[in-house]
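What follows is model.cif (mmCIF, C-alpha atoms and all ligand atoms).
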data_protein
loop_
_atom_site.group_PDB
_atom_site.id
_atom_site.type_symbol
_atom_site.label_atom_id
_atom_site.label_comp_id
_atom_site.auth_asym_id
_atom_site.auth_seq_id
_atom_site.Cartn_x
_atom_site.Cartn_y
_atom_site.Cartn_z
ATOM 1 C CA MET A 9 0.000 0.000 0.000
ATOM 2 C CA THR A 10 1.338 3.449 -0.904
ATOM 3 C CA GLN A 11 0.117 6.888 0.136
ATOM 4 C CA GLN A 12 0.302 9.953 -2.045
ATOM 5 C CA THR A 13 -1.078 13.294 -1.019
ATOM 6 C CA ASN A 14 -4.584 12.603 0.328
ATOM 7 C CA LEU A 15 -4.812 9.461 -1.777
ATOM 8 C CA ILE A 16 -4.199 5.926 -0.556
ATOM 9 C CA GLU A 17 -3.495 3.302 -3.190
ATOM 10 C CA ARG A 18 -3.842 -0.458 -2.954
ATOM 11 C CA ILE A 19 -3.487 -2.927 -5.809
ATOM 12 C CA GLU A 20 -5.568 -6.117 -5.833
ATOM 13 C CA GLY A 21 -4.969 -8.300 -8.894
ATOM 14 C CA HIS A 22 -5.659 -6.144 -11.942
ATOM 15 C CA THR A 23 -7.545 -3.533 -9.880
ATOM 16 C CA ALA A 24 -6.194 -0.327 -8.328
ATOM 17 C CA ILE A 25 -8.152 0.854 -5.282
ATOM 18 C CA LEU A 26 -7.797 4.566 -4.597
ATOM 19 C CA THR A 27 -9.096 5.964 -1.302
ATOM 20 C CA MET A 28 -9.628 9.715 -0.961
ATOM 21 C CA SER A 29 -8.299 10.607 2.453
ATOM 22 C CA ASN A 30 -8.587 14.218 3.554
ATOM 23 C CA PRO A 31 -10.354 14.331 6.940
ATOM 24 C CA PRO A 32 -12.881 15.242 8.044
ATOM 25 C CA ALA A 33 -14.822 15.266 4.742
ATOM 26 C CA ASN A 34 -12.363 14.009 2.065
ATOM 27 C CA THR A 35 -12.507 17.407 0.398
ATOM 28 C CA TRP A 36 -10.590 18.372 -2.732
ATOM 29 C CA THR A 37 -7.644 20.744 -2.700
ATOM 30 C CA ALA A 38 -5.274 21.700 -5.545
ATOM 31 C CA GLN A 39 -2.809 19.219 -4.058
ATOM 32 C CA SER A 40 -5.239 16.281 -3.856
ATOM 33 C CA LEU A 41 -6.540 16.948 -7.391
ATOM 34 C CA GLN A 42 -2.989 16.976 -8.752
ATOM 35 C CA ALA A 43 -2.295 13.740 -6.878
ATOM 36 C CA LEU A 44 -5.370 12.103 -8.420
ATOM 37 C CA LYS A 45 -4.376 13.205 -11.918
ATOM 38 C CA ALA A 46 -0.797 11.929 -11.487
ATOM 39 C CA LYS A 47 -1.994 8.605 -10.088
ATOM 40 C CA VAL A 48 -4.575 8.023 -12.840
ATOM 41 C CA LEU A 49 -2.001 8.813 -15.546
ATOM 42 C CA GLU A 50 0.422 6.383 -13.888
ATOM 43 C CA LEU A 51 -2.233 3.639 -13.702
ATOM 44 C CA ASN A 52 -3.217 4.302 -17.292
ATOM 45 C CA ALA A 53 0.356 3.543 -18.359
ATOM 46 C CA ASN A 54 0.403 0.294 -16.342
ATOM 47 C CA SER A 55 -0.743 -2.488 -18.678
ATOM 48 C CA GLU A 56 -1.429 -4.789 -15.685
ATOM 49 C CA ILE A 57 -4.206 -2.525 -14.373
ATOM 50 C CA TYR A 58 -7.650 -3.090 -15.948
ATOM 51 C CA ALA A 59 -9.910 -1.377 -13.409
ATOM 52 C CA LEU A 60 -9.831 1.426 -10.892
ATOM 53 C CA VAL A 61 -12.042 1.705 -7.809
ATOM 54 C CA LEU A 62 -12.429 5.053 -6.044
ATOM 55 C CA THR A 63 -13.811 5.368 -2.524
ATOM 56 C CA GLY A 64 -13.635 7.656 0.523
ATOM 57 C CA GLU A 65 -11.924 7.035 3.828
ATOM 58 C CA GLY A 66 -14.156 6.711 6.886
ATOM 59 C CA GLU A 67 -17.830 5.877 7.213
ATOM 60 C CA LYS A 68 -19.478 9.243 6.687
ATOM 61 C CA PHE A 69 -18.003 10.866 3.592
ATOM 62 C CA PHE A 70 -17.216 9.657 0.078
ATOM 63 C CA SER A 71 -16.229 13.302 -0.575
ATOM 64 C CA ALA A 72 -17.883 16.626 0.324
ATOM 65 C CA GLY A 73 -16.371 18.285 -2.755
ATOM 66 C CA ALA A 74 -14.066 21.271 -2.897
ATOM 67 C CA ASP A 75 -12.671 22.480 0.400
ATOM 68 C CA LEU A 76 -14.913 25.535 0.804
ATOM 69 C CA LYS A 77 -12.302 27.276 2.936
ATOM 70 C CA LEU A 78 -10.330 27.771 -0.292
ATOM 71 C CA PHE A 79 -13.081 29.953 -1.756
ATOM 72 C CA ALA A 80 -13.739 32.106 1.314
ATOM 73 C CA ASP A 81 -11.592 35.092 0.280
ATOM 74 C CA GLY A 82 -13.142 35.470 -3.205
ATOM 75 C CA ASP A 83 -9.735 35.105 -4.918
ATOM 76 C CA LYS A 84 -10.455 34.734 -8.640
ATOM 77 C CA GLY A 85 -6.940 33.503 -9.450
ATOM 78 C CA ASN A 86 -7.373 30.705 -6.939
ATOM 79 C CA ALA A 87 -10.776 29.885 -8.459
ATOM 80 C CA ALA A 88 -9.101 29.560 -11.877
ATOM 81 C CA THR A 89 -6.391 27.300 -10.446
ATOM 82 C CA MET A 90 -8.933 25.047 -8.745
ATOM 83 C CA ALA A 91 -11.119 24.889 -11.881
ATOM 84 C CA LYS A 92 -8.066 23.889 -13.926
ATOM 85 C CA HIS A 93 -7.047 21.163 -11.464
ATOM 86 C CA PHE A 94 -10.615 19.830 -11.246
ATOM 87 C CA GLY A 95 -10.836 19.696 -15.037
ATOM 88 C CA GLU A 96 -7.467 18.033 -15.535
ATOM 89 C CA ALA A 97 -7.934 15.445 -12.787
ATOM 90 C CA PHE A 98 -11.474 14.386 -13.689
ATOM 91 C CA GLU A 99 -10.802 14.394 -17.443
ATOM 92 C CA ALA A 100 -7.799 12.130 -16.826
ATOM 93 C CA LEU A 101 -10.143 9.861 -14.857
ATOM 94 C CA SER A 102 -12.720 9.854 -17.691
ATOM 95 C CA ALA A 103 -9.970 8.999 -20.169
ATOM 96 C CA PHE A 104 -8.635 6.063 -18.099
ATOM 97 C CA ARG A 105 -8.572 3.184 -20.615
ATOM 98 C CA GLY A 106 -9.905 0.611 -18.150
ATOM 99 C CA VAL A 107 -13.130 0.682 -16.133
ATOM 100 C CA SER A 108 -13.474 3.129 -13.237
ATOM 101 C CA ILE A 109 -15.968 2.414 -10.464
ATOM 102 C CA ALA A 110 -16.996 4.818 -7.693
ATOM 103 C CA ALA A 111 -17.781 3.056 -4.401
ATOM 104 C CA ILE A 112 -19.925 5.775 -2.810
ATOM 105 C CA ASN A 113 -19.671 5.056 0.903
ATOM 106 C CA GLY A 114 -21.319 8.220 2.238
ATOM 107 C CA TYR A 115 -21.934 11.856 1.326
ATOM 108 C CA ALA A 116 -20.977 12.642 -2.292
ATOM 109 C CA MET A 117 -21.436 16.389 -2.587
ATOM 110 C CA GLY A 118 -20.387 18.886 -5.231
ATOM 111 C CA GLY A 119 -16.947 17.950 -6.550
ATOM 112 C CA GLY A 120 -17.361 14.728 -4.548
ATOM 113 C CA LEU A 121 -20.303 13.716 -6.736
ATOM 114 C CA GLU A 122 -18.574 15.084 -9.822
ATOM 115 C CA VAL A 123 -15.648 12.697 -9.375
ATOM 116 C CA ALA A 124 -18.145 9.823 -9.193
ATOM 117 C CA LEU A 125 -19.786 11.145 -12.372
ATOM 118 C CA ALA A 126 -16.380 11.061 -14.087
ATOM 119 C CA CYS A 127 -16.209 7.321 -13.301
ATOM 120 C CA ASP A 128 -17.802 4.727 -15.589
ATOM 121 C CA ILE A 129 -19.986 3.068 -12.929
ATOM 122 C CA ARG A 130 -21.294 4.075 -9.503
ATOM 123 C CA ILE A 131 -22.206 1.793 -6.602
ATOM 124 C CA ALA A 132 -23.754 3.539 -3.588
ATOM 125 C CA GLU A 133 -24.408 2.418 -0.033
ATOM 126 C CA THR A 134 -27.966 2.760 1.279
ATOM 127 C CA GLN A 135 -27.060 5.653 3.603
ATOM 128 C CA ALA A 136 -25.223 7.650 0.916
ATOM 129 C CA GLN A 137 -26.519 11.107 0.056
ATOM 130 C CA MET A 138 -25.757 12.850 -3.215
ATOM 131 C CA ALA A 139 -26.053 16.471 -4.309
ATOM 132 C CA LEU A 140 -24.561 19.177 -6.476
ATOM 133 C CA PRO A 141 -25.189 22.001 -3.979
ATOM 134 C CA GLU A 142 -22.741 24.505 -5.451
ATOM 135 C CA ALA A 143 -25.455 27.082 -6.207
ATOM 136 C CA THR A 144 -26.391 26.944 -2.512
ATOM 137 C CA VAL A 145 -23.015 28.525 -1.750
ATOM 138 C CA GLY A 146 -22.859 30.870 -4.765
ATOM 139 C CA LEU A 147 -20.772 28.567 -6.949
ATOM 140 C CA LEU A 148 -21.447 26.143 -9.791
ATOM 141 C CA PRO A 149 -20.365 22.560 -10.491
ATOM 142 C CA CYS A 150 -17.316 23.286 -12.660
ATOM 143 C CA ALA A 151 -15.823 19.785 -12.590
ATOM 144 C CA GLY A 152 -18.042 18.347 -15.334
ATOM 145 C CA GLY A 153 -21.209 18.226 -13.202
ATOM 146 C CA THR A 154 -23.551 20.208 -15.453
ATOM 147 C CA GLN A 155 -22.618 18.014 -18.424
ATOM 148 C CA ASN A 156 -22.061 14.582 -16.880
ATOM 149 C CA LEU A 157 -25.086 14.604 -14.554
ATOM 150 C CA THR A 158 -27.340 15.716 -17.404
ATOM 151 C CA ALA A 159 -25.946 13.011 -19.701
ATOM 152 C CA LEU A 160 -26.649 10.385 -17.044
ATOM 153 C CA VAL A 161 -30.061 11.360 -15.645
ATOM 154 C CA GLY A 162 -31.482 13.802 -18.203
ATOM 155 C CA GLU A 163 -32.246 17.493 -17.905
ATOM 156 C CA GLY A 164 -35.182 17.231 -15.532
ATOM 157 C CA TRP A 165 -33.376 15.607 -12.626
ATOM 158 C CA ALA A 166 -30.142 17.463 -13.392
ATOM 159 C CA LYS A 167 -32.106 20.708 -13.028
ATOM 160 C CA ARG A 168 -33.779 19.552 -9.810
ATOM 161 C CA MET A 169 -30.397 18.731 -8.324
ATOM 162 C CA ILE A 170 -28.364 21.670 -9.671
ATOM 163 C CA LEU A 171 -30.932 24.479 -9.817
ATOM 164 C CA CYS A 172 -33.069 23.468 -6.831
ATOM 165 C CA GLY A 173 -30.220 22.098 -4.676
ATOM 166 C CA GLU A 174 -32.091 18.834 -4.223
ATOM 167 C CA ARG A 175 -30.157 16.211 -2.284
ATOM 168 C CA ILE A 176 -31.064 12.596 -3.073
ATOM 169 C CA ASP A 177 -30.562 9.321 -1.273
ATOM 170 C CA ALA A 178 -29.169 6.140 -2.802
ATOM 171 C CA ALA A 179 -32.589 4.608 -3.571
ATOM 172 C CA LYS A 180 -33.653 7.688 -5.523
ATOM 173 C CA ALA A 181 -30.235 7.840 -7.217
ATOM 174 C CA GLU A 182 -30.703 4.275 -8.465
ATOM 175 C CA LYS A 183 -34.254 5.034 -9.615
ATOM 176 C CA ILE A 184 -33.145 7.988 -11.764
ATOM 177 C CA GLY A 185 -30.061 6.208 -13.139
ATOM 178 C CA LEU A 186 -27.460 8.186 -11.224
ATOM 179 C CA VAL A 187 -26.059 5.010 -9.656
ATOM 180 C CA GLU A 188 -26.200 1.525 -11.129
ATOM 181 C CA GLU A 189 -26.351 -0.424 -7.856
ATOM 182 C CA VAL A 190 -27.222 0.128 -4.197
ATOM 183 C CA VAL A 191 -25.673 -2.040 -1.492
ATOM 184 C CA GLU A 192 -25.857 -2.231 2.303
ATOM 185 C CA GLN A 193 -23.776 0.095 4.462
ATOM 186 C CA GLY A 194 -20.099 -0.884 4.369
ATOM 187 C CA GLN A 195 -20.472 -3.028 1.239
ATOM 188 C CA SER A 196 -19.703 -0.611 -1.613
ATOM 189 C CA LEU A 197 -15.978 -1.293 -1.776
ATOM 190 C CA SER A 198 -16.349 -5.078 -1.849
ATOM 191 C CA ALA A 199 -19.133 -4.776 -4.461
ATOM 192 C CA ALA A 200 -16.927 -2.520 -6.595
ATOM 193 C CA ILE A 201 -13.962 -4.880 -6.292
ATOM 194 C CA ALA A 202 -16.201 -7.813 -7.281
ATOM 195 C CA LEU A 203 -17.378 -5.901 -10.357
ATOM 196 C CA ALA A 204 -13.777 -4.967 -11.197
ATOM 197 C CA ALA A 205 -12.904 -8.680 -11.084
ATOM 198 C CA LYS A 206 -15.531 -9.231 -13.812
ATOM 199 C CA VAL A 207 -13.811 -6.532 -15.896
ATOM 200 C CA ALA A 208 -10.573 -8.529 -15.675
ATOM 201 C CA LYS A 209 -12.322 -11.366 -17.516
ATOM 202 C CA GLN A 210 -12.921 -9.104 -20.519
ATOM 203 C CA SER A 211 -10.245 -8.355 -23.101
ATOM 204 C CA PRO A 212 -8.649 -5.085 -21.913
ATOM 205 C CA SER A 213 -8.109 -4.155 -25.565
ATOM 206 C CA SER A 214 -11.843 -4.539 -26.259
ATOM 207 C CA VAL A 215 -12.803 -2.674 -23.075
ATOM 208 C CA ALA A 216 -10.620 0.317 -23.987
ATOM 209 C CA VAL A 217 -12.086 0.759 -27.480
ATOM 210 C CA CYS A 218 -15.678 0.089 -26.352
ATOM 211 C CA LYS A 219 -15.300 2.801 -23.712
ATOM 212 C CA THR A 220 -13.939 5.176 -26.340
ATOM 213 C CA LEU A 221 -16.944 4.452 -28.547
ATOM 214 C CA ILE A 222 -19.518 4.888 -25.787
ATOM 215 C CA GLN A 223 -17.970 8.215 -24.752
ATOM 216 C CA ALA A 224 -17.620 9.359 -28.390
ATOM 217 C CA GLY A 225 -21.369 8.895 -28.767
ATOM 218 C CA ARG A 226 -21.938 11.828 -26.396
ATOM 219 C CA THR A 227 -20.630 14.308 -28.943
ATOM 220 C CA MET A 228 -20.280 12.465 -32.247
ATOM 221 C CA PRO A 229 -23.155 12.185 -34.724
ATOM 222 C CA ARG A 230 -24.409 8.640 -35.309
ATOM 223 C CA SER A 231 -23.321 8.919 -38.926
ATOM 224 C CA HIS A 232 -19.708 9.149 -37.685
ATOM 225 C CA ALA A 233 -19.998 6.906 -34.626
ATOM 226 C CA LEU A 234 -21.235 3.819 -36.516
ATOM 227 C CA PRO A 235 -18.390 3.831 -39.089
ATOM 228 C CA LEU A 236 -15.943 4.398 -36.219
ATOM 229 C CA GLU A 237 -17.419 1.361 -34.432
ATOM 230 C CA ARG A 238 -16.739 -0.786 -37.508
ATOM 231 C CA GLU A 239 -13.247 0.676 -37.929
ATOM 232 C CA LEU A 240 -12.283 -0.048 -34.309
ATOM 233 C CA PHE A 241 -13.740 -3.570 -34.595
ATOM 234 C CA ILE A 242 -11.398 -4.253 -37.504
ATOM 235 C CA GLY A 243 -8.555 -2.566 -35.586
ATOM 236 C CA LEU A 244 -8.937 -5.138 -32.787
ATOM 237 C CA PHE A 245 -7.563 -7.736 -35.209
ATOM 238 C CA ASP A 246 -4.180 -6.009 -34.827
ATOM 239 C CA THR A 247 -4.167 -6.958 -31.121
ATOM 240 C CA GLU A 248 -2.940 -10.182 -29.538
ATOM 241 C CA ASP A 249 -5.972 -10.144 -27.244
ATOM 242 C CA GLN A 250 -8.346 -10.647 -30.196
ATOM 243 C CA GLY A 251 -6.690 -13.906 -31.267
ATOM 244 C CA GLU A 252 -6.314 -15.040 -27.679
ATOM 245 C CA GLY A 253 -9.981 -14.416 -26.855
ATOM 246 C CA VAL A 254 -11.448 -16.273 -29.810
ATOM 247 C CA ASN A 255 -8.985 -19.157 -29.627
ATOM 248 C CA ALA A 256 -9.395 -19.559 -25.870
ATOM 249 C CA PHE A 257 -13.157 -19.948 -26.415
ATOM 250 C CA LEU A 258 -12.663 -22.516 -29.193
ATOM 251 C CA GLU A 259 -10.093 -24.410 -27.097
ATOM 252 C CA LYS A 260 -12.417 -24.303 -24.040
ATOM 253 C CA ARG A 261 -9.886 -22.550 -21.786
ATOM 254 C CA SER A 262 -9.633 -19.180 -19.996
ATOM 255 C CA PRO A 263 -8.008 -16.425 -22.055
ATOM 256 C CA GLN A 264 -4.681 -15.006 -20.921
ATOM 257 C CA TRP A 265 -4.944 -11.312 -21.755
ATOM 258 C CA LYS A 266 -1.861 -9.358 -22.770
ATOM 259 C CA ASN A 267 -3.482 -5.904 -22.973
ATOM 260 C CA ARG A 268 -1.992 -5.438 -26.397
HETATM 261 C C1 LIG B 1 -16.222 22.454 -8.462
HETATM 262 C C2 LIG B 1 -16.562 21.955 -7.143
HETATM 263 C C3 LIG B 1 -17.182 22.780 -6.211
HETATM 264 C C4 LIG B 1 -17.554 22.252 -4.895
HETATM 265 O O1 LIG B 1 -17.382 21.068 -4.628
HETATM 266 S S1 LIG B 1 -18.182 23.331 -3.768
HETATM 267 C C5 LIG B 1 -18.496 22.342 -2.336
HETATM 268 C C6 LIG B 1 -19.772 21.556 -2.478
HETATM 269 N N1 LIG B 1 -20.016 20.802 -1.247
HETATM 270 C C7 LIG B 1 -20.826 21.209 -0.294
HETATM 271 O O2 LIG B 1 -21.413 22.261 -0.359
HETATM 272 C C8 LIG B 1 -20.950 20.289 0.896
HETATM 273 C C9 LIG B 1 -20.697 21.027 2.181
HETATM 274 N N2 LIG B 1 -20.926 20.140 3.332
HETATM 275 C C10 LIG B 1 -22.156 19.928 3.844
HETATM 276 O O3 LIG B 1 -23.152 20.417 3.370
HETATM 277 C C11 LIG B 1 -22.225 19.064 5.056
HETATM 278 O O4 LIG B 1 -20.926 18.850 5.533
HETATM 279 C C12 LIG B 1 -22.891 17.693 4.852
HETATM 280 C C13 LIG B 1 -24.378 17.874 4.524
HETATM 281 C C14 LIG B 1 -22.211 16.920 3.722
HETATM 282 C C15 LIG B 1 -22.743 16.879 6.166
HETATM 283 O O5 LIG B 1 -23.288 17.637 7.203
HETATM 284 P P1 LIG B 1 -22.946 17.263 8.738
HETATM 285 O O6 LIG B 1 -23.289 15.854 9.002
HETATM 286 O O7 LIG B 1 -23.648 18.289 9.593
HETATM 287 O O8 LIG B 1 -21.371 17.395 8.859
HETATM 288 P P2 LIG B 1 -20.533 18.741 8.987
HETATM 289 O O9 LIG B 1 -20.398 19.076 10.432
HETATM 290 O O10 LIG B 1 -21.078 19.801 8.109
HETATM 291 O O11 LIG B 1 -19.130 18.293 8.360
HETATM 292 C C16 LIG B 1 -18.105 17.675 9.110
HETATM 293 C C17 LIG B 1 -16.858 18.539 8.984
HETATM 294 O O12 LIG B 1 -16.497 18.588 7.617
HETATM 295 C C18 LIG B 1 -16.386 19.943 7.200
HETATM 296 N N3 LIG B 1 -16.794 20.047 5.806
HETATM 297 C C19 LIG B 1 -17.807 19.406 5.192
HETATM 298 N N4 LIG B 1 -17.868 19.724 3.910
HETATM 299 C C20 LIG B 1 -16.857 20.603 3.690
HETATM 300 C C21 LIG B 1 -16.401 21.313 2.539
HETATM 301 N N5 LIG B 1 -16.956 21.114 1.324
HETATM 302 N N6 LIG B 1 -15.350 22.126 2.679
HETATM 303 C C22 LIG B 1 -14.745 22.281 3.870
HETATM 304 N N7 LIG B 1 -15.134 21.637 4.995
HETATM 305 C C23 LIG B 1 -16.181 20.817 4.898
HETATM 306 C C24 LIG B 1 -17.345 20.698 8.109
HETATM 307 O O13 LIG B 1 -17.010 22.067 8.140
HETATM 308 C C25 LIG B 1 -17.096 19.997 9.413
HETATM 309 O O14 LIG B 1 -15.878 20.467 9.935
HETATM 310 P P3 LIG B 1 -15.752 20.799 11.499
HETATM 311 O O15 LIG B 1 -15.978 19.501 12.199
HETATM 312 O O16 LIG B 1 -14.354 21.328 11.656
HETATM 313 O O17 LIG B 1 -16.792 21.806 11.830
#
Any chance you could give the structure as structure tokens?
Amino acid sequence: MTQQTNLIERIEGHTAILTMSNPPANTWTAQSLQALKAKVLELNANSEIYALVLTGEGEKFFSAGADLKLFADGDKGNAATMAKHFGEAFEALSAFRGVSIAAINGYAMGGGLEVALACDIRIAETQAQMALPEATVGLLPCAGGTQNLTALVGEGWAKRMILCGERIDAAKAEKIGLVEEVVEQGQSLSAAIALAAKVAKQSPSSVAVCKTLIQAGRTMPRSHALPLERELFIGLFDTEDQGEGVNAFLEKRSPQWKNR
């Protein structure tokens, strides 16, 4: 186990488990955002890592978002620095070539929910509460929240949460499609690790291009996305994993992925 600034890392098989650790509320600072970006880029370059699980230390908070003390003096330069670090860190997370899973073990507020929205999949514990309450404190969700929440749950619920400051519990989050699974208190990390183990059974080469295609669909017209899908399918035949996957099936054995 290694500890970077406010980020604890543990590797389990092909999964990296990152724990946000900035007591009392696992808030984001410029330092912790830079640490997340550096760690994600490092994991992205590690061909042995297929999945990343993100959770919060302690029982109460996944993350309460930006450390509000940083915005108390109205310093615009500092606001620009924080916005840049939020953008860079969460975009690096979105671009991670494997599967990222947020294990939401408590409050996920503001930038704390936005980091979960930058992940591919979210698993929440029953007691978790989620909100984008930035407007409540005169701010706005600048870490992808207005775009990613809307893409996930649609404009209606995004507006209820962002414009009306509505905080939702895990059951409601699952109902509106904000989280994909709800588990008992204390079970989100083990559920996320179990899901990550399923990812390791998939070809990492296939996972990376499928993720690219799904994300491209957010901005690319269908007339471009469908040809790209066919092009990347053909491109998979340049990888060792393609031959290994098909031949392992035909030979009735488990594939040994190479991630290339
Ligand atoms: C681009 C991104 C922008 C943003 O992310 S802006 C920030 C958005 N986040 C929020 O607005 C959440 C603020 N926090 C809260 O509303 C509450 O917390 C909760 C509802 C999540 C929990 O309430 P309760 O159970 O009463 O706990 P507590 O006493 O408020 O929090 C425990 C300690 O944690 C500190 N804390 C919580 N959130 C933040 C924060 N975002 N920035 C700085 N400190 C925070 C508190 O002050 C307190 O500390 P002490 O024990 O020393 O009084």
* Within 10 Å of ligand LIG 1 (chain B), counting only C-alpha atoms and all ligand atoms: which residues, as a VMD selection string? -> chain A and resid 30 to 37 68 to 79 87 90 to 95 114 to 123 137 to 153 173 175
* Tell me which protein, DNA and RNA residues are within 9 Å of Ile131 of chain A, counting all atoms listed in the file, leaving out same-chain ones fewer than 4 positions away, and put them as a PyMOL selection string. => chain A and resi 109-113+187-191+196-197+199-200
* Asked: Written as a PyMOL selection string, what is the full residue list that the PyMOL selection byres (((chain A and resi 16-20) around 12) and not hetatm) yields on the file shown?
  -> chain A and resi 9-15+21-30+34+40+43-44+47-48+50-51+54+56-65+198+200-202+204-205+208
* Rank A:Lys183, A:Thr154, A:Glu96, A:Glu133 by their smallest atom-to-atom distance to Gln195 of chain A, using all atoms listed in the file, and report the top residue only. =>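 That would be A:Glu133, the residue with the smallest distance to Gln195 of chain A.
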* Name the closest residue to Leu157 of chain A among the candidates A:Lys84, A:Leu203, A:Leu186, A:Phe104; distances are taken between atoms, counting all atoms listed in the file. =>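 Selected residue with least distance to Leu157 of chain A: A:Leu186.
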* **All residues 12 Å or closer to Phe241 of chain A, only C-alpha atoms, same chain fewer than 4 positions away omitted, as an MDAnalysis selection string** => chainID A and resid 213:218 221 234:237 245:247 250
* To do: Work out how far atom CA of Lys266 of chain A is from atom CA of Ala53 of chain A, in Å to one decimal.
  =>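 Between atom CA of Ala53 of chain A and atom CA of Lys266 of chain A the gap is 13.8 Å.
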